[in-house]
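> Input structure: coords-v7.pdb, which contains PDB, C-alpha atoms.
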ATOM      1  CA  ALA L   1     -18.033 -56.417 -10.072
ATOM      2  CA  VAL L   2     -14.954 -56.124  -7.899
ATOM      3  CA  VAL L   3     -13.907 -52.645  -6.849
ATOM      4  CA  SER L   4     -10.310 -52.195  -5.817
ATOM      5  CA  THR L   5      -9.747 -50.015  -2.733
ATOM      6  CA  GLN L   6      -5.971 -50.059  -3.037
ATOM      7  CA  SER L   7      -4.507 -46.614  -3.815
ATOM      8  CA  THR L   8      -1.613 -46.291  -6.191
ATOM      9  CA  GLY L   9       0.897 -43.510  -6.432
ATOM     10  CA  SER L  10      -0.317 -42.463  -9.864
ATOM     11  CA  SER L  11      -3.980 -42.298  -8.837
ATOM     12  CA  VAL L  12      -3.156 -40.119  -5.811
ATOM     13  CA  SER L  13      -1.088 -37.825  -8.003
ATOM     14  CA  GLU L  14      -3.906 -37.560 -10.528
ATOM     15  CA  TRP L  15      -6.382 -36.808  -7.742
ATOM     16  CA  ASN L  16      -4.096 -34.077  -6.358
ATOM     17  CA  ASN L  17      -3.636 -32.528  -9.771
ATOM     18  CA  GLU L  18      -7.347 -32.538 -10.537
ATOM     19  CA  LEU L  19      -8.251 -31.164  -7.112
ATOM     20  CA  THR L  20      -5.680 -28.371  -7.468
ATOM     21  CA  SER L  21      -6.965 -27.544 -10.925
ATOM     22  CA  ASN L  22     -10.605 -27.492  -9.803
ATOM     23  CA  LEU L  23      -9.792 -25.389  -6.750
ATOM     24  CA  ALA L  24      -7.875 -22.859  -8.843
ATOM     25  CA  ALA L  25     -10.874 -22.586 -11.169
ATOM     26  CA  LEU L  26     -13.016 -21.417  -8.248
ATOM     27  CA  TYR L  27     -10.890 -18.289  -7.711
ATOM     28  CA  LEU L  28     -13.029 -15.176  -8.335
ATOM     29  CA  ASP L  29     -16.028 -17.362  -9.218
ATOM     30  CA  GLU L  30     -19.002 -15.164  -8.301
ATOM     31  CA  ASN L  31     -21.563 -17.942  -8.790
ATOM     32  CA  SER L  32     -20.128 -20.325  -6.214
ATOM     33  CA  SER L  33     -18.616 -17.823  -3.784
ATOM     34  CA  ASP L  34     -20.404 -17.297  -0.477
ATOM     35  CA  LEU L  35     -18.316 -14.455   0.957
ATOM     36  CA  ASP L  36     -16.626 -11.228  -0.162
ATOM     37  CA  ILE L  37     -13.379  -9.767   1.116
ATOM     38  CA  CYS L  38     -13.364  -5.971   1.055
ATOM     39  CA  VAL L  39      -9.967  -4.299   0.783
ATOM     40  CA  GLY L  40      -9.728  -0.641  -0.180
ATOM     41  CA  ASN L  41     -12.160  -0.147  -3.062
ATOM     42  CA  GLU L  42     -11.945  -3.764  -4.161
ATOM     43  CA  ARG L  43     -14.249  -6.660  -3.455
ATOM     44  CA  ILE L  44     -12.846 -10.184  -3.810
ATOM     45  CA  PRO L  45     -15.341 -13.081  -4.001
ATOM     46  CA  VAL L  46     -14.139 -16.066  -1.967
ATOM     47  CA  HIS L  47     -15.318 -19.278  -0.350
ATOM     48  CA  LYS L  48     -15.634 -19.740   3.393
ATOM     49  CA  THR L  49     -14.178 -23.240   3.306
ATOM     50  CA  VAL L  50     -11.082 -22.059   1.453
ATOM     51  CA  LEU L  51     -10.533 -19.243   3.947
ATOM     52  CA  MET L  52     -10.961 -21.564   6.919
ATOM     53  CA  LEU L  53      -8.430 -24.030   5.500
ATOM     54  CA  ASN L  54      -5.803 -21.318   4.996
ATOM     55  CA  SER L  55      -6.307 -18.631   7.606
ATOM     56  CA  GLN L  56      -8.258 -17.158  10.493
ATOM     57  CA  LEU L  57      -9.848 -14.430   8.399
ATOM     58  CA  MET L  58     -13.279 -15.677   9.432
ATOM     59  CA  THR L  59     -12.563 -14.965  13.097
ATOM     60  CA  LYS L  60     -10.045 -12.106  12.924
ATOM     61  CA  GLY L  61     -11.664 -10.083  10.156
ATOM     62  CA  GLU L  62     -14.551  -7.679  10.704
ATOM     63  CA  THR L  63     -17.629  -9.389   9.284
ATOM     64  CA  ASN L  64     -21.010  -7.992   8.298
ATOM     65  CA  HIS L  65     -23.897  -8.778   5.961
ATOM     66  CA  ASN L  66     -24.353  -6.923   2.672
ATOM     67  CA  SER L  67     -28.060  -6.505   1.963
ATOM     68  CA  GLU L  68     -27.420  -5.836  -1.732
ATOM     69  CA  THR L  69     -25.253  -8.841  -2.541
ATOM     70  CA  LYS L  70     -26.966 -11.032   0.084
ATOM     71  CA  LYS L  71     -23.524 -12.219   1.113
ATOM     72  CA  MET L  72     -21.315 -11.929   4.155
ATOM     73  CA  GLU L  73     -18.368  -9.553   3.895
ATOM     74  CA  ILE L  74     -15.016  -9.412   5.643
ATOM     75  CA  GLU L  75     -13.587  -5.915   5.977
ATOM     76  CA  LEU L  76      -9.804  -5.937   6.190
ATOM     77  CA  LEU L  77      -7.801  -3.465   8.248
ATOM     78  CA  PRO L  78      -7.511  -0.053   6.524
ATOM     79  CA  GLU L  79      -3.742  -0.308   6.032
ATOM     80  CA  PHE L  80      -4.225  -3.236   3.671
ATOM     81  CA  GLY L  81      -6.121  -0.958   1.301
ATOM     82  CA  ASP L  82      -2.764   0.431   0.108
ATOM     83  CA  ILE L  83      -1.552  -3.031  -0.880
ATOM     84  CA  SER L  84      -4.731  -4.436  -2.414
ATOM     85  CA  LYS L  85      -2.742  -6.007  -5.278
ATOM     86  CA  ASP L  86      -0.669  -7.999  -2.778
ATOM     87  CA  VAL L  87      -3.840  -8.998  -0.907
ATOM     88  CA  SER L  88      -5.367 -10.284  -4.151
ATOM     89  CA  ASP L  89      -2.251 -12.354  -4.809
ATOM     90  CA  ILE L  90      -2.410 -13.779  -1.291
ATOM     91  CA  ILE L  91      -6.072 -14.745  -1.634
ATOM     92  CA  LYS L  92      -5.300 -16.306  -5.006
ATOM     93  CA  SER L  93      -2.583 -18.402  -3.364
ATOM     94  CA  PHE L  94      -5.265 -19.935  -1.135
ATOM     95  CA  TYR L  95      -6.645 -21.520  -4.304
ATOM     96  CA  THR L  96      -3.433 -22.238  -6.209
ATOM     97  CA  GLY L  97      -0.818 -22.741  -3.485
ATOM     98  CA  LYS L  98       1.505 -20.423  -5.392
ATOM     99  CA  ILE L  99       2.655 -16.878  -4.709
ATOM    100  CA  SER L 100       5.605 -14.814  -5.834
ATOM    101  CA  VAL L 101       7.428 -13.285  -2.875
ATOM    102  CA  SER L 102      10.377 -10.928  -3.254
ATOM    103  CA  PRO L 103      12.191  -8.337  -1.116
ATOM    104  CA  GLU L 104       9.853  -5.757  -2.656
ATOM    105  CA  ASN L 105       6.589  -7.284  -1.402
ATOM    106  CA  VAL L 106       7.672  -9.593   1.421
ATOM    107  CA  LYS L 107       6.840  -7.126   4.198
ATOM    108  CA  ALA L 108       3.287  -6.681   2.925
ATOM    109  CA  VAL L 109       2.787 -10.426   2.492
ATOM    110  CA  TYR L 110       4.273 -11.295   5.887
ATOM    111  CA  LYS L 111       2.215  -8.634   7.639
ATOM    112  CA  PHE L 112      -0.991 -10.090   6.201
ATOM    113  CA  ALA L 113       0.091 -13.622   7.077
ATOM    114  CA  VAL L 114       0.834 -12.674  10.692
ATOM    115  CA  CYS L 115      -2.274 -10.532  11.105
ATOM    116  CA  TYR L 116      -4.670 -13.199   9.836
ATOM    117  CA  SER L 117      -2.726 -16.306  10.900
ATOM    118  CA  VAL L 118      -1.851 -17.699   7.484
ATOM    119  CA  LYS L 119       0.620 -20.148   8.977
ATOM    120  CA  TRP L 120       1.974 -21.718   5.809
ATOM    121  CA  LEU L 121       2.600 -18.287   4.288
ATOM    122  CA  THR L 122       4.268 -17.003   7.465
ATOM    123  CA  LYS L 123       6.616 -19.968   7.388
ATOM    124  CA  HIS L 124       7.292 -19.423   3.694
ATOM    125  CA  THR L 125       8.137 -15.715   3.960
ATOM    126  CA  PHE L 126      10.019 -15.529   7.275
ATOM    127  CA  PRO L 127      13.368 -16.794   5.896
ATOM    128  CA  ILE L 128      13.336 -13.998   3.302
ATOM    129  CA  LEU L 129      12.835 -11.341   5.967
ATOM    130  CA  ASN L 130      15.390 -12.960   8.254
ATOM    131  CA  ASP L 131      17.996 -12.795   5.490
ATOM    132  CA  MET L 132      17.196  -9.117   4.947
ATOM    133  CA  ILE L 133      18.182  -8.086   8.506
ATOM    134  CA  SER L 134      21.559  -6.353   8.508
ATOM    135  CA  ASP L 135      23.676  -3.971  10.569
ATOM    136  CA  ASP L 136      22.587  -1.092   8.347
ATOM    137  CA  ASN L 137      18.811  -1.654   8.430
ATOM    138  CA  PHE L 138      18.370  -2.947  11.973
ATOM    139  CA  VAL L 139      16.233  -0.004  13.111
ATOM    140  CA  SER L 140      13.785  -0.171  10.205
ATOM    141  CA  MET L 141      13.474  -3.967  10.385
ATOM    142  CA  PHE L 142      12.968  -3.961  14.147
ATOM    143  CA  ASP L 143      10.436  -1.148  13.857
ATOM    144  CA  TYR L 144       8.550  -3.181  11.245
ATOM    145  CA  ALA L 145       8.609  -6.335  13.394
ATOM    146  CA  GLN L 146       7.255  -4.403  16.363
ATOM    147  CA  SER L 147       4.580  -2.690  14.260
ATOM    148  CA  ILE L 148       3.055  -6.051  13.342
ATOM    149  CA  ASN L 149       3.502  -7.463  16.866
ATOM    150  CA  CYS L 150       5.649 -10.323  15.630
ATOM    151  CA  GLU L 151       7.765 -11.672  18.474
ATOM    152  CA  THR L 152       9.579 -14.149  16.234
ATOM    153  CA  LEU L 153      10.852 -11.498  13.852
ATOM    154  CA  SER L 154      11.552  -9.056  16.692
ATOM    155  CA  THR L 155      13.746 -11.665  18.382
ATOM    156  CA  ALA L 156      15.531 -12.364  15.097
ATOM    157  CA  CYS L 157      16.340  -8.654  14.849
ATOM    158  CA  LEU L 158      17.540  -8.402  18.452
ATOM    159  CA  GLN L 159      19.834 -11.384  17.934
ATOM    160  CA  ARG L 160      21.575  -9.365  15.217
ATOM    161  CA  PHE L 161      22.141  -6.386  17.529
ATOM    162  CA  ASN L 162      25.900  -6.004  17.963
ATOM    163  CA  ASP L 163      28.540  -3.300  18.316
ATOM    164  CA  GLN L 164      28.315  -2.416  14.629
ATOM    165  CA  VAL L 165      24.549  -1.886  14.911
ATOM    166  CA  ALA L 166      25.126   0.262  17.980
ATOM    167  CA  GLU L 167      27.748   2.300  16.115
ATOM    168  CA  ASN L 168      25.305   2.876  13.254
ATOM    169  CA  ILE L 169      22.627   3.936  15.721
ATOM    170  CA  GLN L 170      24.942   6.659  17.023
ATOM    171  CA  THR L 171      24.431   8.501  13.725
ATOM    172  CA  SER L 172      20.988   7.231  12.737
ATOM    173  CA  ASN L 173      18.034   9.601  12.625
ATOM    174  CA  ASP L 174      15.680   6.601  12.440
ATOM    175  CA  TRP L 175      16.815   5.570  15.914
ATOM    176  CA  LEU L 176      15.856   8.958  17.308
ATOM    177  CA  GLU L 177      12.305   8.573  16.033
ATOM    178  CA  LEU L 178      11.593   5.166  17.579
ATOM    179  CA  ASP L 179       8.975   5.217  20.302
ATOM    180  CA  TYR L 180       9.656   4.413  23.948
ATOM    181  CA  TYR L 181       8.367   0.846  23.757
ATOM    182  CA  ARG L 182      10.760  -0.125  20.976
ATOM    183  CA  VAL L 183      13.740   1.419  22.780
ATOM    184  CA  LYS L 184      12.638  -0.314  25.977
ATOM    185  CA  ALA L 185      12.461  -3.667  24.184
ATOM    186  CA  ILE L 186      16.058  -3.238  23.045
ATOM    187  CA  ALA L 187      17.299  -1.987  26.415
ATOM    188  CA  THR L 188      15.778  -4.932  28.288
ATOM    189  CA  SER L 189      16.570  -7.668  25.770
ATOM    190  CA  ARG L 190      18.793 -10.515  26.919
ATOM    191  CA  VAL L 191      19.885 -11.461  23.412
ATOM    192  CA  VAL L 192      21.516  -8.216  22.261
ATOM    193  CA  SER L 193      25.301  -8.362  22.057
ATOM    194  CA  THR L 194      26.875  -5.071  23.075
ATOM    195  CA  SER L 195      28.531  -3.529  26.118
ATOM    196  CA  GLU L 196      26.688  -1.749  28.913
ATOM    197  CA  ILE L 197      28.417   1.551  28.196
ATOM    198  CA  THR L 198      27.425   1.350  24.535
ATOM    199  CA  MET L 199      23.802   0.712  25.474
ATOM    200  CA  PHE L 200      23.975   3.638  27.895
ATOM    201  CA  ARG L 201      25.252   5.956  25.161
ATOM    202  CA  ILE L 202      22.600   5.104  22.583
ATOM    203  CA  ILE L 203      19.802   5.430  25.148
ATOM    204  CA  CYS L 204      21.163   8.832  26.191
ATOM    205  CA  ARG L 205      21.243   9.924  22.561
ATOM    206  CA  TRP L 206      17.592   8.943  22.182
ATOM    207  CA  LEU L 207      16.632  10.778  25.384
ATOM    208  CA  ASP L 208      18.530  13.915  24.420
ATOM    209  CA  GLN L 209      16.690  14.188  21.112
ATOM    210  CA  LYS L 210      13.482  15.240  22.889
ATOM    211  CA  PRO L 211      14.479  15.845  26.512
ATOM    212  CA  SER L 212      11.280  17.480  27.737
ATOM    213  CA  GLU L 213       9.068  14.803  26.164
ATOM    214  CA  ARG L 214      11.191  11.828  27.188
ATOM    215  CA  LYS L 215      12.216  12.947  30.654
ATOM    216  CA  ASN L 216       9.487  10.850  32.263
ATOM    217  CA  VAL L 217      10.857   7.577  30.800
ATOM    218  CA  ALA L 218      14.575   8.216  31.395
ATOM    219  CA  LYS L 219      14.705   6.397  34.729
ATOM    220  CA  SER L 220      12.802   3.422  33.324
ATOM    221  CA  LEU L 221      15.284   3.015  30.474
ATOM    222  CA  LEU L 222      18.546   3.772  32.265
ATOM    223  CA  SER L 223      17.746   1.592  35.273
ATOM    224  CA  ASN L 224      18.231  -1.427  32.993
ATOM    225  CA  ILE L 225      21.927  -0.677  32.565
ATOM    226  CA  ASN L 226      24.285  -2.814  34.649
ATOM    227  CA  TYR L 227      26.669  -0.067  35.792
ATOM    228  CA  ASP L 228      28.818  -2.613  37.641
ATOM    229  CA  MET L 229      29.967  -3.802  34.203
ATOM    230  CA  ILE L 230      31.231  -0.365  33.123
ATOM    231  CA  ASP L 231      34.903   0.494  33.611
ATOM    232  CA  HIS L 232      36.099   3.341  35.873
ATOM    233  CA  LYS L 233      37.020   5.755  33.124
ATOM    234  CA  SER L 234      33.683   5.387  31.320
ATOM    235  CA  LEU L 235      31.782   5.790  34.584
ATOM    236  CA  VAL L 236      33.520   9.120  35.140
ATOM    237  CA  ASP L 237      33.874  10.491  31.610
ATOM    238  CA  ASP L 238      30.589   9.261  30.127
ATOM    239  CA  VAL L 239      28.025   8.202  32.709
ATOM    240  CA  TYR L 240      28.676  10.602  35.560
ATOM    241  CA  GLU L 241      29.241  13.601  33.309
ATOM    242  CA  TRP L 242      26.044  12.981  31.316
ATOM    243  CA  ILE L 243      23.955  12.532  34.476
ATOM    244  CA  GLY L 244      25.225  15.837  35.798
ATOM    245  CA  ASP L 245      24.458  17.790  32.633
ATOM    246  CA  ALA L 246      21.434  16.061  31.093
ATOM    247  CA  ASP L 247      18.234  18.024  30.574
ATOM    248  CA  SER L 248      16.362  14.773  29.963
ATOM    249  CA  LEU L 249      16.445  13.774  33.650
ATOM    250  CA  ASP L 250      14.076  14.916  36.355
ATOM    251  CA  ASP L 251      15.349  15.258  39.929
ATOM    252  CA  ASP L 252      14.151  11.809  40.962
ATOM    253  CA  ALA L 253      15.853  10.085  38.044
ATOM    254  CA  ARG L 254      19.064  12.075  38.519
ATOM    255  CA  LEU L 255      19.310  11.203  42.219
ATOM    256  CA  PHE L 256      18.517   7.543  41.540
ATOM    257  CA  LEU L 257      21.192   7.293  38.855
ATOM    258  CA  LEU L 258      23.818   9.108  40.902
ATOM    259  CA  LYS L 259      23.300   6.710  43.787
ATOM    260  CA  THR L 260      23.402   3.737  41.425
ATOM    261  CA  VAL L 261      26.592   4.920  39.744
ATOM    262  CA  SER L 262      28.163   5.698  43.113
ATOM    263  CA  ALA L 263      27.483   2.153  44.285
ATOM    264  CA  ALA L 264      28.942   0.775  41.046
ATOM    265  CA  ASN L 265      32.018   2.950  41.476
ATOM    266  CA  LYS L 266      32.620   1.675  45.002
ATOM    267  CA  LYS L 267      32.497  -1.906  43.748
ATOM    268  CA  SER L 268      34.817  -1.202  40.856
ATOM    269  CA  LYS L 269      37.264   0.677  43.122
ATOM    270  CA  ALA L 270      37.438  -2.326  45.394
ATOM    271  CA  ASN L 271      38.746  -4.359  42.465
ATOM    272  CA  LYS L 272      41.272  -1.766  41.284
ATOM    273  CA  SER L 273      44.935  -1.391  42.133
ATOM    274  CA  PRO L 274      45.700   1.237  44.837
ATOM    275  CA  ASN L 275      47.786   3.101  42.243
ATOM    276  CA  ASP L 276      44.892   3.376  39.750
ATOM    277  CA  LYS L 277      43.558   6.933  39.803
ATOM    278  CA  SER L 278      40.875   6.567  37.102
ATOM    279  CA  ALA L 279      37.949   6.129  39.495
ATOM    280  CA  ALA L 280      36.176   9.074  41.034
ATOM    281  CA  SER L 281      35.653   8.922  44.767
ATOM    282  CA  SER L 282      32.257   8.017  46.111
ATOM    283  CA  SER L 283      31.948  11.483  47.630
ATOM    284  CA  ASP L 284      32.211  12.995  44.162
ATOM    285  CA  TYR L 285      29.011  11.182  43.186
ATOM    286  CA  GLU L 286      27.206  11.806  46.407
ATOM    287  CA  ASP L 287      27.971  15.552  46.436
ATOM    288  CA  ALA L 288      26.793  15.888  42.857
ATOM    289  CA  SER L 289      23.334  14.620  43.798
ATOM    290  CA  THR L 290      22.528  18.082  45.096
ATOM    291  CA  THR L 291      24.226  20.112  42.360
ATOM    292  CA  LYS L 292      23.341  19.379  38.745
ATOM    293  CA  LYS L 293      26.454  20.781  37.095
ATOM    294  CA  LYS L 294      29.132  19.641  39.535
ATOM    295  CA  LYS L 295      31.658  17.198  38.107
ATOM    296  CA  PRO L 296      34.225  15.025  39.884
ATOM    297  CA  GLU L 297      37.473  16.641  40.924
ATOM    298  CA  LYS L 298      40.470  15.675  38.891
ATOM    299  CA  LYS L 299      42.998  13.582  40.738
TER     300      LYS L 299
END
Here is a file; write its structure as structure tokens.


Amino acid sequence: AVVSTQSTGSSVSEWNNELTSNLAALYLDENSSDLDICVGNERIPVHKTVLMLNSQLMTKGETNHNSETKKMEIELLPEFGDISKDVSDIIKSFYTGKISVSPENVKAVYKFAVCYSVKWLTKHTFPILNDMISDDNFVSMFDYAQSINCETLSTACLQRFNDQVAENIQTSNDWLELDYYRVKAIATSRVVSTSEITMFRIICRWLDQKPSERKNVAKSLLSNINYDMIDHKSLVDDVYEWIGDADSLDDDARLFLLKTVSAANKKSKANKSPNDKSAASSSDYEDASTTKKKKPEKK
């Protein structure tokens, strides 16, 4: 008998279809499963090989042996217990290659995919999240990206940061509740598109929300501002005045900022016309370093 080893398109297609069908039939099959995934109060029977082909659950999940079932278990992070239905759908997709993702469940699905390195699912869901980023929801989307330690999504958010986002932040309560590390990431980002004075204002608003608690990070945040790029009038009316009055600055931070602003003012004065009276004199800044409330004399 002669056996042909030449593959045809139809035979490959048939093999793919049969393999997909057989794999889907193994989903939730207790008899053939050799592992359980525990999420919340649910236990999902799975197969090690299927998990290894789709994710890093075997290495990133917390594993232990169940003496009653005689099987290994993977305990998922507690926060996934609240979205056990989404987790079940994700595990099912490992067997079927299909999953329904919408704006309603995309954050839950993407978080799981990032946490357990489900690369194909991360790639599939990222465009949906990227399209959801807007001027109005920047804070919540960036907070979410940071909460799951996703640099790709965080960068996508920061690239959308513009003057309109900054304007929204000026009245946003969500902004005031961000932690220091998120504000720091924004303040130090090289991809945000807004002016130095605008960044200064939104950082000051965040500091002023809880001055006693945030006083120790004020210098760290405000030292990232390039004061040389701020115009004379804003240096005097916004920066200098806030530094003099702010309760969210300790003495070290106040002195540091006054010296920094004074140096910036000297540079900007050197580039101004002799008839321009908008810049405060350097002595105004230097004298104020010893008196909190003193403001520059009007010209």

> Under the PyMOL selection byres ((chain L and resi 34) around 7), which residues of this model are included? Write them out as an MDAnalysis selection string.

chainID L and resid 32:33 35 46:48 71

> May I have the residues from that selection written out with C-alpha atoms, as a short mmCIF file (atom, residue, chain, number, x, y, z; two decimals), in the coordinates of the input?


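What follows is the written file again.cif:
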data_model
loop_
_atom_site.label_atom_id
_atom_site.label_comp_id
_atom_site.auth_asym_id
_atom_site.auth_seq_id
_atom_site.Cartn_x
_atom_site.Cartn_y
_atom_site.Cartn_z
CA SER L 32 -20.13 -20.32 -6.21
CA SER L 33 -18.62 -17.82 -3.78
CA LEU L 35 -18.32 -14.46 0.96
CA VAL L 46 -14.14 -16.07 -1.97
CA HIS L 47 -15.32 -19.28 -0.35
CA LYS L 48 -15.63 -19.74 3.39
CA LYS L 71 -23.52 -12.22 1.11
#

> Please determine, counting only C-alpha atoms, which residue among L:Leu26, L:Arg201, L:Ser220, L:Asp208 has the shortest atom-to-atom distance to L:Asp247.

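Closest residue, counting only C-alpha atoms: L:Asp208.
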
> Grab all the atoms of stretch 121-139 of chain L that the file lists, wrap them in a box along x, y and z, add 3 Å per side, and give me centre plus edge lengths in Å (one decimal) as AutoDock Vina command-line options.


--center_x 13.1 --center_y -10.0 --center_z 8.2 --size_x 27.1 --size_y 26.0 --size_z 15.8

> Which one is closest to L:Ile128: L:Glu151, L:Asp143, L:Asp251, L:Glu104? Count only C-alpha atoms.

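Among the listed residues, the smallest separation from L:Ile128 belongs to L:Glu104.
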
> Excluding L:Asn54 and residues on its chain fewer than 6 positions from it, collect all residues at most 10 Å away from it, counting only C-alpha atoms, and give them as a ChimeraX atom specification.

/L:91,93-95,97,113,116-121

> Excluding same-chain residues fewer than 6 positions from L:Leu249, what lies within 12 Å of it counting only C-alpha atoms, as a ChimeraX atom specification?

/L:204,207-208,210-222,242-243,255-258,292

> So that I can see what lies close to L:Val106, please list as a short mmCIF file (atom, residue, chain, number, x, y, z; two decimals) with C-alpha atoms, in the coordinates of the input the residues with an atom at most 8 Å from it, counting all atoms listed in the file and leaving out residues fewer than 3 positions away in the same chain.


data_model
loop_
_atom_site.label_atom_id
_atom_site.label_comp_id
_atom_site.auth_asym_id
_atom_site.auth_seq_id
_atom_site.Cartn_x
_atom_site.Cartn_y
_atom_site.Cartn_z
CA VAL L 101 7.43 -13.28 -2.88
CA SER L 102 10.38 -10.93 -3.25
CA PRO L 103 12.19 -8.34 -1.12
CA VAL L 109 2.79 -10.43 2.49
CA TYR L 110 4.27 -11.30 5.89
CA THR L 125 8.14 -15.72 3.96
CA ILE L 128 13.34 -14.00 3.30
CA LEU L 129 12.84 -11.34 5.97
#

> Enter the distance from atom CA of L:Glu62 to atom CA of L:Leu77, in Å, rounded to one decimal.

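One can read the atom CA of L:Glu62 to atom CA of L:Leu77 distance as 8.3 Å.
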
> For the structure provided, state which residues fall under the PyMOL selection byres ((chain L and resi 167) around 12), and present them as a list in words.

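Checking the PyMOL selection byres ((chain L and resi 167) around 12) against this file, the residues are Asp135, Asp136, Phe138, Phe161, Asn162, Asp163, Gln164, Val165, Ala166, Asn168, Ile169, Gln170, Thr171, Ser172, Trp175, Thr194, Ser195, Thr198, Met199, Arg201, Ile202 and Arg205 of chain L.
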
> Please evaluate the PyMOL selection byres ((chain L and resi 185) around 12) against the displayed coordinates and give the resulting residues as a list of chain:residue names.

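Written out, the selection comes to L:Phe142, L:Asp143, L:Ala145, L:Gln146, L:Glu151, L:Ser154, L:Thr155, L:Cys157, L:Leu158, L:Leu178, L:Asp179, L:Tyr180, L:Tyr181, L:Arg182, L:Val183, L:Lys184, L:Ile186, L:Ala187, L:Thr188, L:Ser189, L:Arg190, L:Val191, L:Val192, L:Ile203, L:Ser220, L:Leu221, L:Asn224.
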
> Could you jot down the atom CA of L:Ser88 to atom CA of L:Cys150 separation for me, Å, one decimal place?

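Pair atom CA of L:Ser88 / atom CA of L:Cys150 returns 22.6 Å.
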
> Which polymer residues have any atom within 12 Å of an atom of L:Lys85, counting all atoms listed in the file, with same-chain residues fewer than 6 positions away left out, as a PyMOL selection string?

chain L and resi 39-44+91-92+105+108-109

> Any idea what the distance is between atom CA of L:Asp36 and atom CA of L:Met72?

6.4 Å

> May I ask which of the residues L:Thr260, L:Asn226, L:Asn17, L:Asn173 is the closest one to L:Phe200, counting only C-alpha atoms?

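Using only C-alpha atoms, L:Phe200 sits closest to L:Asn226.
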
> Go through L:Thr69, L:Asn31, L:Phe112, L:Ile99 one by one, measure the shortest atom-to-atom distance of each to L:Val87 using only C-alpha atoms, and give the residue with the smallest value.

L:Phe112

> Would you please take stretch 124-128 of chain L of the structure in the block above and write all heavy atoms to a file as a CSV table (one decimal), in the first residue's frame?


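File selection_37.csv, as written:
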chain,number,residue,atom,x,y,z
L,124,HIS,N,-5.6,41.0,22.0
L,124,HIS,CA,-7.0,41.1,21.5
L,124,HIS,C,-7.8,42.2,22.2
L,124,HIS,O,-8.6,42.9,21.6
L,124,HIS,CB,-7.7,39.7,21.7
L,124,HIS,CG,-9.2,39.7,21.4
L,124,HIS,ND1,-9.6,39.9,20.1
L,124,HIS,CD2,-10.3,39.6,22.1
L,124,HIS,CE1,-10.9,39.8,20.0
L,124,HIS,NE2,-11.4,39.7,21.3
L,125,THR,N,-7.6,42.4,23.5
L,125,THR,CA,-8.4,43.4,24.3
L,125,THR,C,-7.8,44.8,24.3
L,125,THR,O,-8.5,45.7,24.6
L,125,THR,CB,-8.6,42.8,25.7
L,125,THR,OG1,-7.3,42.5,26.3
L,125,THR,CG2,-9.5,41.6,25.7
L,126,PHE,N,-6.5,44.9,24.1
L,126,PHE,CA,-5.8,46.2,24.3
L,126,PHE,C,-6.5,47.3,23.4
L,126,PHE,O,-6.7,48.4,23.8
L,126,PHE,CB,-4.3,46.1,24.0
L,126,PHE,CG,-3.7,47.5,24.0
L,126,PHE,CD1,-3.3,48.1,25.3
L,126,PHE,CD2,-3.4,48.2,22.9
L,126,PHE,CE1,-2.7,49.3,25.3
L,126,PHE,CE2,-2.8,49.4,22.9
L,126,PHE,CZ,-2.5,50.0,24.1
L,127,PRO,N,-6.7,47.0,22.1
L,127,PRO,CA,-7.3,48.0,21.2
L,127,PRO,C,-8.7,48.6,21.8
L,127,PRO,O,-9.0,49.8,21.6
L,127,PRO,CB,-7.5,47.3,19.9
L,127,PRO,CG,-6.5,46.2,19.9
L,127,PRO,CD,-6.4,45.8,21.3
L,128,ILE,N,-9.4,47.7,22.4
L,128,ILE,CA,-10.7,48.2,23.0
L,128,ILE,C,-10.5,49.2,24.1
L,128,ILE,O,-11.1,50.2,24.1
L,128,ILE,CB,-11.5,47.0,23.5
L,128,ILE,CG1,-11.8,46.0,22.4
L,128,ILE,CG2,-12.8,47.4,24.1
L,128,ILE,CD1,-12.5,44.7,22.8
